[in-house]
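So this block is structure.cif, mmCIF, C-alpha atoms:
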data_entry
loop_
_atom_site.label_atom_id
_atom_site.label_comp_id
_atom_site.auth_asym_id
_atom_site.auth_seq_id
_atom_site.Cartn_x
_atom_site.Cartn_y
_atom_site.Cartn_z
CA MET W 23 75.02 -3.38 200.72
CA ALA W 24 75.38 -0.36 202.88
CA GLY W 25 72.66 0.33 205.31
CA GLY W 26 71.97 -3.23 206.29
CA GLY W 27 69.60 -5.75 204.78
CA GLY W 28 66.41 -3.77 204.95
CA GLY W 29 65.67 -3.98 201.26
CA MET W 30 62.75 -6.31 201.24
CA GLU W 31 60.66 -4.58 203.84
CA VAL W 32 57.34 -3.52 202.49
CA PRO W 33 55.79 -0.68 204.40
CA GLN W 34 52.78 -1.53 206.42
CA ARG W 35 49.54 -0.98 204.62
CA VAL W 36 47.54 2.01 205.59
CA LYS W 37 43.88 1.33 205.85
CA ARG W 38 41.83 3.09 203.26
CA GLY W 39 38.15 3.98 203.25
CA SER W 40 35.62 4.01 205.99
CA LYS W 41 34.54 0.40 205.59
CA ALA W 42 37.79 -0.85 206.96
CA HIS W 43 36.49 -1.23 210.49
CA LYS W 44 33.57 -3.48 209.51
CA ARG W 45 35.59 -6.61 209.04
CA LYS W 46 38.42 -7.50 211.21
CA LYS W 47 41.36 -7.90 208.90
CA LYS W 48 44.35 -9.97 209.63
CA HIS W 49 47.35 -7.75 209.96
CA ARG W 50 49.90 -8.65 207.36
CA ILE W 51 53.18 -7.17 208.24
CA GLY W 52 55.95 -7.37 205.63
CA PHE W 53 54.11 -9.45 203.12
CA ARG W 54 56.43 -11.03 200.62
CA LEU W 55 55.96 -13.06 197.50
CA ASP W 56 58.46 -15.56 196.22
CA MET W 57 59.48 -14.12 192.89
CA THR W 58 62.07 -16.76 192.02
CA PRO W 59 59.94 -18.81 189.54
CA LEU W 60 58.82 -15.61 187.85
CA VAL W 61 62.39 -14.45 187.46
CA ASP W 62 63.41 -17.89 186.19
CA VAL W 63 60.80 -17.85 183.46
CA ALA W 64 61.53 -14.24 182.57
CA PHE W 65 65.22 -15.01 182.13
CA LEU W 66 64.44 -18.09 180.09
CA LEU W 67 62.28 -16.09 177.70
CA LEU W 68 64.82 -13.30 177.62
CA THR W 69 67.63 -15.61 176.59
CA PHE W 70 65.39 -17.26 174.00
CA PHE W 71 64.50 -13.97 172.34
CA MET W 72 68.05 -12.69 172.56
CA TYR W 73 69.37 -15.71 170.70
CA THR W 74 66.66 -15.88 168.08
CA THR W 75 66.59 -12.23 167.03
CA SER W 76 69.06 -11.14 164.46
CA LEU W 77 69.54 -7.43 164.64
CA ILE W 78 71.23 -7.31 161.25
CA THR W 79 68.43 -7.20 158.72
CA PRO W 80 69.32 -7.28 155.06
CA GLN W 81 69.13 -4.04 153.18
CA ILE W 82 68.53 -3.49 149.50
CA MET W 83 70.16 -1.74 146.60
CA LYS W 84 67.56 -0.43 144.19
CA MET W 85 68.20 -0.96 140.50
CA ASN W 86 66.41 0.37 137.48
CA VAL W 87 67.04 -0.97 134.03
CA PRO W 88 65.48 0.05 130.73
CA LYS W 89 62.99 -2.25 129.04
CA ASP W 90 64.23 -5.02 126.83
CA ASN W 91 63.41 -3.44 123.50
CA THR W 92 64.56 0.11 124.07
CA GLU W 93 67.49 1.24 122.04
CA VAL W 94 69.04 4.56 122.71
CA LYS W 95 71.70 6.13 120.56
CA GLN W 96 74.26 7.87 122.65
CA ASN W 97 77.15 10.07 121.91
CA GLU W 98 80.24 7.95 122.34
CA LYS W 99 82.21 10.94 123.56
CA ASP W 100 80.13 11.04 126.72
CA MET W 101 80.56 7.42 127.65
CA TYR W 102 82.46 6.57 130.79
CA THR W 103 82.88 2.85 130.75
CA ILE W 104 83.55 0.79 133.84
CA ALA W 105 84.38 -2.84 133.20
CA ILE W 106 84.98 -5.67 135.61
CA SER W 107 87.20 -8.46 134.36
CA GLY W 108 86.80 -12.13 135.17
CA ASP W 109 89.17 -11.89 138.13
CA GLY W 110 87.26 -8.98 139.67
CA LYS W 111 89.63 -6.17 138.62
CA VAL W 112 88.13 -2.87 137.57
CA TYR W 113 89.05 -1.11 134.33
CA THR W 114 87.74 2.23 133.20
CA HIS W 115 87.97 4.36 130.10
CA MET W 116 86.42 7.44 128.57
CA ALA W 117 84.91 7.27 125.08
CA GLN W 118 87.13 5.10 122.89
CA ASP W 119 90.33 5.30 124.94
CA ASP W 120 92.15 2.21 126.05
CA PRO W 121 90.92 0.82 129.37
CA SER W 122 93.21 1.14 132.36
CA GLU W 123 93.04 -0.58 135.69
CA VAL W 124 91.72 1.40 138.63
CA ALA W 125 92.01 0.52 142.29
CA LEU W 126 88.65 0.31 144.08
CA THR W 127 89.76 3.05 146.45
CA ALA W 128 90.41 5.46 143.57
CA LEU W 129 87.23 4.69 141.65
CA ARG W 130 84.99 7.03 143.61
CA ALA W 131 87.23 10.05 143.02
CA GLN W 132 87.57 9.18 139.35
CA ALA W 133 83.82 8.84 138.86
CA VAL W 134 83.25 12.21 140.52
CA GLU W 135 85.97 13.86 138.46
CA ASN W 136 84.66 12.55 135.14
CA ASN W 137 81.16 13.63 136.02
CA MET W 138 82.39 17.13 136.81
CA ILE W 139 84.04 17.47 133.40
CA ARG W 140 81.12 16.28 131.28
CA ARG W 141 78.47 17.37 133.77
CA ASN W 142 75.06 15.84 133.22
CA LYS W 143 75.90 14.64 129.75
CA LEU W 144 78.07 11.82 131.03
CA ILE W 145 76.71 8.31 130.72
CA THR W 146 78.17 5.75 133.01
CA VAL W 147 78.31 2.45 131.23
CA PHE W 148 78.76 -0.61 133.33
CA GLN W 149 79.80 -3.97 132.05
CA ALA W 150 80.96 -7.06 133.87
CA SER W 151 82.56 -10.21 132.58
CA PRO W 152 80.31 -13.29 132.88
CA GLU W 153 83.03 -14.79 135.06
CA ALA W 154 83.29 -11.84 137.43
CA PRO W 155 82.18 -12.56 140.99
CA TYR W 156 78.86 -10.96 141.89
CA GLY W 157 80.43 -9.55 145.06
CA SER W 158 82.77 -7.26 143.14
CA VAL W 159 79.94 -6.14 140.86
CA VAL W 160 77.95 -5.00 143.89
CA LYS W 161 81.05 -3.39 145.37
CA VAL W 162 81.55 -1.24 142.27
CA LEU W 163 77.85 -0.33 142.11
CA ASP W 164 78.04 0.63 145.77
CA ILE W 165 81.03 2.90 145.13
CA LEU W 166 79.17 4.55 142.25
CA ASN W 167 76.15 5.10 144.49
CA GLN W 168 78.38 6.74 147.06
CA ALA W 169 80.03 8.90 144.40
CA GLU W 170 76.56 10.06 143.36
CA GLY W 171 76.20 11.97 146.61
CA ASP W 172 79.43 13.89 145.97
CA ILE W 173 78.43 14.60 142.38
CA VAL W 174 75.04 16.03 143.34
CA GLN W 175 76.68 18.22 145.95
CA LYS W 176 79.41 19.51 143.61
CA LEU W 177 77.01 20.18 140.76
CA HIS W 178 74.87 22.18 143.12
CA GLN W 179 77.87 24.18 144.33
CA ASP W 180 78.81 25.16 140.77
CA ASN W 181 75.35 25.89 139.57
CA PRO W 182 72.40 25.71 141.95
CA ASP W 183 69.91 25.58 139.08
CA GLU W 184 71.35 22.53 137.44
CA LYS W 185 69.42 19.37 138.27
CA ARG W 186 71.27 16.15 138.43
CA ASN W 187 70.33 13.74 135.69
CA ARG W 188 71.97 10.42 136.30
CA LYS W 189 72.56 8.28 133.28
CA PHE W 190 73.53 4.74 133.80
CA ALA W 191 73.56 1.76 131.52
CA PHE W 192 74.25 -1.93 131.78
CA ILE W 193 75.92 -3.28 128.70
CA LYS W 194 76.83 -6.88 128.08
CA MET W 195 80.49 -7.63 127.84
CA THR W 196 81.39 -9.07 124.49
CA PRO W 197 84.16 -11.64 124.13
CA GLU W 198 86.16 -8.97 122.27
CA ASP W 199 85.91 -6.62 125.24
CA GLU W 200 87.04 -9.38 127.49
CA ALA W 201 89.94 -10.30 125.27
CA LYS W 202 90.97 -6.65 125.33
CA LEU W 203 91.01 -6.62 129.12
CA LYS W 204 92.95 -9.87 129.19
CA GLY W 205 95.51 -8.37 126.81
CA LEU W 206 96.07 -5.51 129.25
CA GLN W 207 97.08 -7.81 132.04
CA LYS W 208 100.20 -9.04 130.32
CA MET P 22 92.42 -7.48 215.88
CA PRO P 23 90.39 -9.19 213.16
CA LYS P 24 86.90 -7.97 212.65
CA VAL P 25 84.21 -10.16 214.02
CA LYS P 26 81.98 -11.15 211.16
CA LYS P 27 78.31 -10.83 211.64
CA LYS P 28 76.64 -14.10 211.02
CA ARG P 29 73.97 -13.58 208.38
CA VAL P 30 71.17 -16.02 208.62
CA GLY P 31 68.60 -16.11 205.85
CA PHE P 32 70.12 -13.28 203.91
CA ALA P 33 67.94 -11.75 201.20
CA VAL P 34 68.88 -9.54 198.23
CA ASP P 35 66.40 -7.12 196.80
CA MET P 36 65.68 -8.51 193.35
CA THR P 37 63.13 -5.91 192.29
CA PRO P 38 65.43 -3.76 190.10
CA LEU P 39 66.84 -6.89 188.49
CA VAL P 40 63.38 -8.12 187.63
CA ASP P 41 62.45 -4.68 186.32
CA VAL P 42 65.37 -4.59 183.95
CA THR P 43 64.84 -8.18 182.88
CA PHE P 44 61.25 -7.53 181.93
CA LEU P 45 62.22 -4.38 180.12
CA LEU P 46 64.75 -6.29 178.03
CA LEU P 47 62.30 -9.11 177.53
CA THR P 48 59.63 -6.82 176.14
CA PHE P 49 62.22 -5.12 173.91
CA PHE P 50 63.37 -8.38 172.38
CA MET P 51 59.84 -9.68 172.07
CA PHE P 52 58.78 -6.66 170.06
CA THR P 53 61.86 -6.52 167.87
CA ALA P 54 61.88 -10.25 167.15
CA LYS P 55 61.20 -11.00 163.53
CA PHE P 56 60.64 -14.57 162.64
CA LYS P 57 61.87 -16.30 159.56
CA ASN P 58 59.39 -16.58 156.75
CA GLU P 59 58.48 -19.94 155.25
CA ALA P 60 60.94 -19.73 152.39
CA ASP P 61 63.86 -18.98 154.69
CA ALA P 62 62.91 -21.90 156.88
CA GLU P 63 63.07 -24.23 153.89
CA GLN P 64 66.38 -22.90 152.70
CA LYS P 65 69.12 -25.48 152.87
CA PHE P 66 72.00 -23.32 151.73
CA VAL P 67 73.83 -20.32 153.10
CA ILE P 68 73.99 -17.06 151.22
CA HIS P 69 76.91 -14.78 151.95
CA ARG P 70 75.48 -11.50 150.82
CA PRO P 71 77.71 -8.83 149.35
CA GLU P 72 78.35 -5.85 151.58
CA ALA P 73 77.28 -2.33 150.78
CA ALA P 74 77.44 1.02 152.54
CA ALA P 75 74.81 1.53 155.21
CA ASP P 76 71.46 2.47 153.78
CA THR P 77 68.01 2.90 155.23
CA SER P 78 66.18 0.93 152.58
CA LYS P 79 64.86 -2.32 153.92
CA LEU P 80 63.55 -5.35 152.16
CA PRO P 81 59.73 -5.10 152.04
CA ASP P 82 57.85 -7.88 153.85
CA LYS P 83 54.88 -8.05 151.54
CA ASP P 84 54.34 -8.03 147.77
CA LEU P 85 57.78 -9.45 147.34
CA ALA P 86 59.19 -12.17 145.16
CA THR P 87 62.74 -13.25 145.77
CA VAL P 88 65.08 -15.03 143.44
CA LYS P 89 67.95 -16.60 145.28
CA ILE P 90 71.03 -17.72 143.43
CA ALA P 91 73.15 -20.10 145.39
CA ILE P 92 74.99 -23.37 145.24
CA ASP P 93 72.64 -26.25 145.93
CA THR P 94 74.00 -28.32 148.78
CA THR P 95 72.86 -31.65 147.37
CA THR P 96 73.75 -31.35 143.70
CA HIS P 97 76.57 -28.80 144.08
CA ASP P 98 75.53 -26.74 141.10
CA THR P 99 74.51 -23.13 140.91
CA ALA P 100 70.75 -22.90 140.92
CA TYR P 101 67.90 -20.41 141.06
CA PHE P 102 65.37 -20.56 143.87
CA TYR P 103 62.15 -18.66 143.49
CA SER P 104 59.84 -17.69 146.32
CA ILE P 105 56.79 -15.48 146.62
CA VAL P 106 56.12 -14.16 150.10
CA ASP P 107 52.35 -13.84 149.84
CA GLU P 108 50.62 -17.21 150.25
CA VAL P 109 47.59 -16.39 148.07
CA GLN P 110 49.68 -15.03 145.22
CA ARG P 111 52.00 -17.99 145.46
CA GLN P 112 49.20 -20.54 145.20
CA LYS P 113 47.75 -18.68 142.26
CA VAL P 114 51.05 -18.77 140.42
CA TYR P 115 51.58 -22.44 141.31
CA GLN P 116 48.14 -23.25 140.01
CA ASN P 117 48.77 -21.47 136.73
CA MET P 118 52.08 -23.27 136.46
CA GLN P 119 50.22 -26.56 136.99
CA PHE P 120 52.45 -27.65 139.80
CA SER P 121 51.76 -30.94 141.52
CA GLN P 122 50.26 -31.13 144.99
CA GLU P 123 53.62 -31.90 146.49
CA GLN P 124 55.36 -29.04 144.75
CA SER P 125 52.68 -26.59 145.81
CA GLN P 126 53.44 -27.22 149.47
CA LYS P 127 56.80 -25.58 149.17
CA ALA P 128 57.28 -21.89 149.74
CA MET P 129 60.47 -21.87 147.69
CA VAL P 130 61.07 -23.84 144.52
CA LYS P 131 64.25 -24.67 142.71
CA VAL P 132 63.83 -23.67 139.10
CA ASP P 133 65.72 -23.57 135.85
CA LEU P 134 65.79 -20.48 133.66
CA PRO P 135 62.83 -21.24 131.33
CA THR P 136 60.61 -22.16 134.30
CA LEU P 137 61.72 -19.05 136.14
CA ASP P 138 60.82 -16.98 133.10
CA LYS P 139 57.32 -18.47 133.07
CA MET P 140 56.90 -18.07 136.82
CA ILE P 141 57.88 -14.41 136.75
CA GLN P 142 55.49 -13.91 133.87
CA GLN P 143 52.72 -15.53 135.93
CA THR P 144 53.64 -13.46 138.96
CA ARG P 145 53.48 -10.30 136.90
CA ALA P 146 50.02 -11.30 135.72
CA ALA P 147 48.74 -12.37 139.14
CA ALA P 148 50.17 -9.49 141.13
CA TRP P 149 51.58 -6.56 139.23
CA LYS P 150 52.54 -4.78 142.44
CA THR P 151 55.09 -7.41 143.36
CA GLN P 152 58.62 -6.22 143.80
CA TYR P 153 61.52 -8.40 142.85
CA ALA P 154 64.63 -8.98 144.86
CA ILE P 155 67.80 -10.73 143.82
CA ASP P 156 69.48 -12.44 146.70
CA CYS P 157 72.72 -13.86 145.47
CA ASP P 158 75.87 -15.17 147.06
CA LYS P 159 78.82 -12.86 146.52
CA GLY P 160 80.91 -15.67 145.09
CA ILE P 161 78.50 -16.51 142.27
CA ARG P 162 79.66 -15.63 138.77
CA TYR P 163 78.00 -12.60 137.24
CA LYS P 164 76.59 -14.47 134.24
CA TYR P 165 73.93 -16.06 136.44
CA VAL P 166 72.83 -12.63 137.61
CA GLU P 167 72.95 -11.24 134.09
CA ASP P 168 70.68 -14.02 132.80
CA LEU P 169 68.23 -13.27 135.59
CA ILE P 170 68.24 -9.54 134.85
CA ASP P 171 67.54 -10.38 131.20
CA ILE P 172 64.51 -12.41 132.24
CA LEU P 173 63.26 -9.62 134.48
CA ARG P 174 63.68 -7.10 131.68
CA LYS P 175 61.88 -9.36 129.26
CA ASN P 176 58.92 -9.43 131.63
CA ASN P 177 59.02 -5.67 132.08
CA ALA P 178 60.08 -5.92 135.70
CA THR P 179 62.64 -3.21 135.19
CA ALA P 180 62.89 -2.11 138.80
CA PHE P 181 64.34 -4.65 141.15
CA ASN P 182 66.51 -4.85 144.23
CA PHE P 183 69.80 -6.43 145.09
CA VAL P 184 69.81 -7.77 148.61
CA THR P 185 72.92 -6.68 150.44
CA GLU P 186 74.27 -6.56 153.93
CA LYS P 187 75.37 -3.52 155.83
CA ARG P 188 79.12 -3.09 155.91
CA GLN P 189 80.33 -3.27 159.50
#
Rewrite the structure of this file - the entire thing - as C-alpha cells.
Amino acid sequence: MAGGGGGMEVPQRVKRGSKAHKRKKKHRIGFRLDMTPLVDVAFLLLTFFMYTTSLITPQIMKMNVPKDNTEVKQNEKDMYTIAISGDGKVYTHMAQDDPSEVALTALRAQAVENNMIRRNKLITVFQASPEAPYGSVVKVLDILNQAEGDIVQKLHQDNPDEKRNRKFAFIKMTPEDEAKLKGLQK
Amino acid sequence: MPKVKKKRVGFAVDMTPLVDVTFLLLTFFMFTAKFKNEADAEQKFVIHRPEAAADTSKLPDKDLATVKIAIDTTTHDTAYFYSIVDEVQRQKVYQNMQFSQEQSQKAMVKVDLPTLDKMIQQTRAAAWKTQYAIDCDKGIRYKYVEDLIDILRKNNATAFNFVTEKRQ
C-alpha cells in the first residue's frame, strides 16, 4: 500500500442549497459505515450461486425420421451403408459390396468422399446392432453431421447452383446383417 | 541498521473495490443460475450423456417431453422414464391415463413400453406442439433407443432430439 493508509477517507461534504444555514448541522467528518456484515452476506450468496450453477447445459442433436408407414424404393447403387456392430465397431460399404471396418477418425473423410462421387443421389443408410452402445451410435451420427458441413462446401465449390439434398435413412439391422459383421471379425 | 517498523494501530484496508467485484459476480451468477426442474429433482439415477461436437442448439424449456433411458438404481434394470415439463399438460395426460392420485404427484414416471406408447399418444393429443427429447445414457444398448424411436414414429412424432453434452 504505497502512499500510506489514506484509503478510507471520505471527502468532507460540501453544503448544497441555500437552506443549509437554517438548521445547524452536526459536522460529520470522515463518516464511515461498517461494511463487514454486508460483505459477509454477499460472499455467502456468491459462493452459493457459484456452486449451484452448472455452466454446462445439455445441447441437442436434431433428428428427423420418416413416418412409420412410408416406404420408399431406392436405387441400391446409391446406398452408402454405415453399420455399427454389437461391440461398437463401424463398418461401411457401398451398394452391395462387402462391409469393411472403418476407424472413427477416417469415417468423416470417407463419408465426404462417397458423397462427392455420387453427389446428391447418395443415400446414407444407418443401421446399428441392438447390442451396440448408444454412445457409439451418437458418435457416428455426430461425425456424419460434421461431414455434412464439408460436403455442402465442396458441392458448392464444384457447382454453385447445386443445392444440397441430404438423404439419410435408419434401417433396422437384421440378424443376417449382424451375422455378416460377426463373420468379418474372424 | 535494521529499519524501524512503524507501528500500525487500527489499520484499515479499503474494501470498496473488493465489494464492487463481489457484487458484480453475485449478480452475474444470480442471473445465469438455472434451477433444476421438478423431474430432474426427482431423478434418482445418473445419466452420462454421449458427447457431440459443440453446437448452439439448446434444449427448449417449454413444450418439451423427455424420455430418459437409464438403469434404475433400485431394480437395476434398464427402464424408461417419461416426463412432461408443462404442469398443465402433464396433469391432462395423467388424467387421461387414469393415474392414481399418488402417481399424479410425480413429475417423472417410470413406464414400460406399452404405457409409454399410450402416454405419447395422449401427449400428442393434448399438446401437439410438444417436442420430444431422448435423454439416454451412453452405455445403454441401442435396442432400447430403437424401440423408443419406433414408438415415436408410430405416433407421428417424427422430429425429435437426442440430448448430448458438449465435447470438451
> Distance CA of Phe190 (chain W)-CA of Thr146 (chain W), one decimal place?
Replying inline: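 One can read the CA of Phe190 (chain W) to CA of Thr146 (chain W) distance as 4.8 Å.
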request  = Write out as a ChimeraX atom specification every residue belonging to chain P that has an atom at most 6 Å from any atom of chain W, counting all atoms listed in the file.
outcome  = /P:35,47,50,54,71,73,78-80,159-164,174-175,179-186
As a check of understanding: the span from CA of Ala100 (chain P) to CA of Ile170 (chain P) is 14.9 Å
| request: Report the residues retrieved by the PyMOL selection byres ((chain P and resi 99) around 12) from the displayed file, expressed as a PyMOL selection string. | output: chain P and resi 66+68+89-98+100-102+131-134+157-158+160-166
Residues just named, written with C-alpha atoms as a compact mmCIF listing (two decimals), keeping the file's coordinate frame:
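Contents of part.txt, as written:
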# COMPACT_ATOMS: atom_id res chain seq x y z
CA PHE P 66 72.00 -23.32 151.73
CA ILE P 68 73.99 -17.06 151.22
CA LYS P 89 67.95 -16.60 145.28
CA ILE P 90 71.03 -17.72 143.43
CA ALA P 91 73.15 -20.10 145.39
CA ILE P 92 74.99 -23.37 145.24
CA ASP P 93 72.64 -26.25 145.93
CA THR P 94 74.00 -28.32 148.78
CA THR P 95 72.86 -31.65 147.37
CA THR P 96 73.75 -31.35 143.70
CA HIS P 97 76.57 -28.80 144.08
CA ASP P 98 75.53 -26.74 141.10
CA ALA P 100 70.75 -22.90 140.92
CA TYR P 101 67.90 -20.41 141.06
CA PHE P 102 65.37 -20.56 143.87
CA LYS P 131 64.25 -24.67 142.71
CA VAL P 132 63.83 -23.67 139.10
CA ASP P 133 65.72 -23.57 135.85
CA LEU P 134 65.79 -20.48 133.66
CA CYS P 157 72.72 -13.86 145.47
CA ASP P 158 75.87 -15.17 147.06
CA GLY P 160 80.91 -15.67 145.09
CA ILE P 161 78.50 -16.51 142.27
CA ARG P 162 79.66 -15.63 138.77
CA TYR P 163 78.00 -12.60 137.24
CA LYS P 164 76.59 -14.47 134.24
CA TYR P 165 73.93 -16.06 136.44
CA VAL P 166 72.83 -12.63 137.61
What are the centre and the three edge lengths of an axis-aligned box that wraps all atoms of region 134-150 of chain W in the file, given that 3 Å is added to every side, written as AutoDock Vina command-line options and rounded to one decimal in Å?
--center_x 80.5 --center_y 5.2 --center_z 135.1 --size_x 16.9 --size_y 30.5 --size_z 16.8
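Here the question is which of P:Ala74, P:Val88, P:Leu169, P:Leu39 gets nearest to Tyr103 (chain P) using all atoms listed in the file, and that residue is P:Val88.
The space separating CA of Arg188 (chain W) from CA of Asp76 (chain P) comes to 19.2 Å.
Among P:Arg145, P:Lys65, P:Lys24, P:Lys127, the residue with the shortest atom-to-atom distance to Gln110 (chain P), counting only C-alpha atoms, is P:Arg145.
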>> Would you pick out the contacts of Asn176 (chain P) at 8 Å or less, using all atoms listed in the file, so that residues sharing its chain but fewer than 2 positions from it are not included, and give the list as a VMD selection string?
In response: chain P and resid 138 141 to 142 145 172 to 174 178
- Message: Ranking W:Glu98, W:Asp120, W:Asp180, W:Asp56 by minimum distance to Asp199 (chain W) and counting all atoms listed in the file, which one comes first?
- Response: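 Distance minimum relative to Asp199 (chain W) lands on W:Asp120.
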Kindly resolve the PyMOL selection byres ((chain P and resi 117) around 12) on the present coordinates and return the residues as a PyMOL selection string. chain P and resi 110-116+118-121+125+139-144+146-147
Q. Once the PyMOL selection byres ((chain W and resi 172) around 12) has been applied to the shown file, what residues remain in the selection, as a list of chain:residue names?
A.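 In the shown coordinates, the PyMOL selection byres ((chain W and resi 172) around 12) covers W:Arg130, W:Ala131, W:Gln132, W:Ala133, W:Val134, W:Glu135, W:Asn137, W:Met138, W:Ile165, W:Leu166, W:Asn167, W:Gln168, W:Ala169, W:Glu170, W:Gly171, W:Ile173, W:Val174, W:Gln175, W:Lys176, W:Leu177, W:His178, W:Gln179, W:Arg186.
The smallest atom-to-atom distance between Gln149 (chain W) and any of W:Gly110, W:Asn136, W:Ile193, W:Ala125, using all atoms listed in the file, is found for W:Ile193.
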Q.
Which polymer residues, whether protein, DNA or RNA, lie within 7 Å of the coordinate (91.9, -1.7, 137.5) when you count all atoms listed in the file? List them as an MDAnalysis selection string, using the chain letters and numbers from the file.
A. chainID W and resid 111:113 122:125
Looking at W:Ile51, W:Ala105, W:Pro59, W:Thr114, which one is nearest to Thr196 (chain W), with distances taken over all atoms listed in the file?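 Nearest to Thr196 (chain W): W:Ala105.
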- Item | Proximity to His115 (chain W) - best of W:Thr127, W:Lys189, W:Val147, W:Ile139, only C-alpha atoms |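 Nearest candidate to His115 (chain W) out of W:Thr127, W:Lys189, W:Val147, W:Ile139: W:Val147.
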